[in-house]
Amino acid sequence: MRLIVNERQYKELLSNQKQNLSTGDEWVNYISDFTITNLEDKNLLESVLTNNNLKYKLGKFNFYKKLPIDNIILNVYSEENSPFNSEFDEREIFINENKQIKNVNINITIDKLLTLEEQIDKNNLKLTLHKIKEWYENNNK
């Protein structure tokens with residue numbers, strides 16, 4: 001929690017929050033679109049989706065520059081009557097010599113009875129990406 005003393009601090013805090021939210025939104029949209037277009041069979045109990053060399057695909061975009069994830073591994077678990085959930089698994093993640101994040105593992109649980117478009121919870125994904133960003137900021141010193 002921060003104590004805001006003057007208007008300049010307040011405006012700076014709002015600006016930083018807005019910047020963090022926009023970065024998260026763009027990553028959430030990218031991950032959602034990638035998942036929807038690449039998950040071929042929701043009826044499988046488990047699917048693994050990977051997206052590598054993102055620096056070549058996304059390197060020119062600001063959201064990549066703010067959170068440079070170079071490869072994503074999505075472990076998608078399909079269960080009946082299960083709400084959408086995403087969790088960041090930090091066991092294999094690391095930062096390479098180019099300050100890029102490697103091996104970002106996100107475990108996603110979906111309900112196999114619903115379409116992906118109607119169940120992807122972007123707020124849940126945004127919280128997961130916020131945890132990844134905090135991890136990156138704490139380990140990139």
# chains A, B, ... in the order shown; residues from 1 in each chain; ligands from 1
$ select_by_dssp --residues "chain A" --states "helix (DSSP H, G or I)" --output "PyMOL selection string"
chain A and resi 7-38+54-58+62-66+116-119+122-139
$ residues_around --residues "Asn105 (chain A)" --least-positions-apart "2" --cutoff "10 Å" --atoms "only C-alpha atoms" --output "number ranges by chain"
A: 50, 71-75, 87-93, 102-103, 107-108, 132
$ write_last_selection --atoms "C-alpha atoms" --output "compact mmCIF listing (two decimals), in the first residue's frame"
# COMPACT_ATOMS: atom_id res chain seq x y z
CA THR A 50 3.85 -24.08 -27.21
CA ASN A 71 8.39 -18.75 -25.28
CA ILE A 72 5.13 -19.84 -23.70
CA ILE A 73 4.07 -23.35 -22.75
CA LEU A 74 0.34 -23.69 -22.13
CA ASN A 75 -0.75 -26.86 -20.37
CA GLU A 87 -1.96 -20.50 -12.96
CA PHE A 88 1.66 -19.55 -13.46
CA ASP A 89 4.12 -22.38 -12.78
CA GLU A 90 7.53 -20.90 -11.95
CA ARG A 91 9.55 -24.09 -11.59
CA GLU A 92 11.25 -23.95 -15.03
CA ILE A 93 11.15 -20.25 -15.84
CA LYS A 102 12.11 -18.35 -21.18
CA ASN A 103 9.88 -21.33 -20.37
CA ASN A 107 -1.57 -24.20 -16.53
CA ILE A 108 -5.08 -23.61 -17.85
CA ILE A 132 4.72 -13.23 -14.25
$ atom_distance --atom1 "CA of Thr37 (chain A)" --atom2 "CA of Ile101 (chain A)"
23.4 Å
$ select_by_dssp --residues "chain A" --states "strand (DSSP E or B)" --output "PyMOL selection string"
chain A and resi 46-51+69+72-79+85-89+94-95+101-102+104-111
$ closest_residue --among "A:Ser78, A:Asn6, A:Thr128, A:Thr115" --to "Leu45 (chain A)" --atoms "only C-alpha atoms"
A:Ser78
$ residues_around --residues "Lys122 (chain A)" --least-positions-apart "6" --cutoff "8 Å" --atoms "only C-alpha atoms" --output "VMD selection string"
chain A and resid 28 to 29 32
$ write_last_selection --atoms "C-alpha atoms" --output "PDB file, in the first residue's frame"
ATOM      1  CA  VAL A  28      -4.005 -11.677 -22.537  1.00  0.00           C
ATOM      2  CA  ASN A  29      -5.420 -11.060 -26.003  1.00  0.00           C
ATOM      3  CA  SER A  32      -6.396 -16.069 -25.733  1.00  0.00           C
TER       4      SER A  32
END
$ atom_distance --atom1 "CA of Lys55 (chain A)" --atom2 "CA of Glu97 (chain A)"
13.7 Å
$ closest_residue --among "A:Leu129, A:Leu116, A:Val104, A:Leu54" --to "Trp27 (chain A)" --atoms "only C-alpha atoms"
A:Leu129
$ residues_around --residues "Lys133 (chain A)" --least-positions-apart "6" --cutoff "10 Å" --atoms "only C-alpha atoms" --output "PyMOL selection string"
chain A and resi 20+23-24+66-69+101+127+139
$ write_last_selection --atoms "C-alpha atoms" --output "PDB file, in the first residue's frame"
ATOM      1  CA  ASN A  20       0.722  -2.170 -16.497  1.00  0.00           C
ATOM      2  CA  THR A  23       0.602  -4.533 -21.205  1.00  0.00           C
ATOM      3  CA  GLY A  24      -1.420  -7.237 -19.479  1.00  0.00           C
ATOM      4  CA  LYS A  66       7.714  -4.336 -21.369  1.00  0.00           C
ATOM      5  CA  LEU A  67       7.327  -8.062 -20.669  1.00  0.00           C
ATOM      6  CA  PRO A  68       9.710  -9.951 -23.005  1.00  0.00           C
ATOM      7  CA  ILE A  69       8.345 -13.488 -22.919  1.00  0.00           C
ATOM      8  CA  ILE A 101      11.843 -14.708 -20.158  1.00  0.00           C
ATOM      9  CA  LEU A 127      -3.835 -11.833 -12.870  1.00  0.00           C
ATOM     10  CA  ASN A 139      14.467 -11.414 -10.819  1.00  0.00           C
TER      11      ASN A 139
END
$ atom_distance --atom1 "CA of Leu125 (chain A)" --atom2 "CA of Glu40 (chain A)"
20.3 Å
$ residues_around --residues "Asp25 (chain A)" --least-positions-apart "6" --cutoff "9 Å" --atoms "only C-alpha atoms" --output "ChimeraX atom specification"
/A:63,122-123,126
$ residues_around --residues "Glu26 (chain A)" --least-positions-apart "4" --cutoff "10 Å" --atoms "only C-alpha atoms" --output "list of chain:residue names"
A:Leu21, A:Ser22, A:Tyr30, A:Ile31, A:Ser32, A:Phe61, A:Asn62, A:Phe63, A:Tyr64, A:Lys126
$ closest_residue --among "A:Asn138, A:Ser82, A:Lys112, A:Val76" --to "Asn43 (chain A)" --atoms "only C-alpha atoms"
A:Lys112
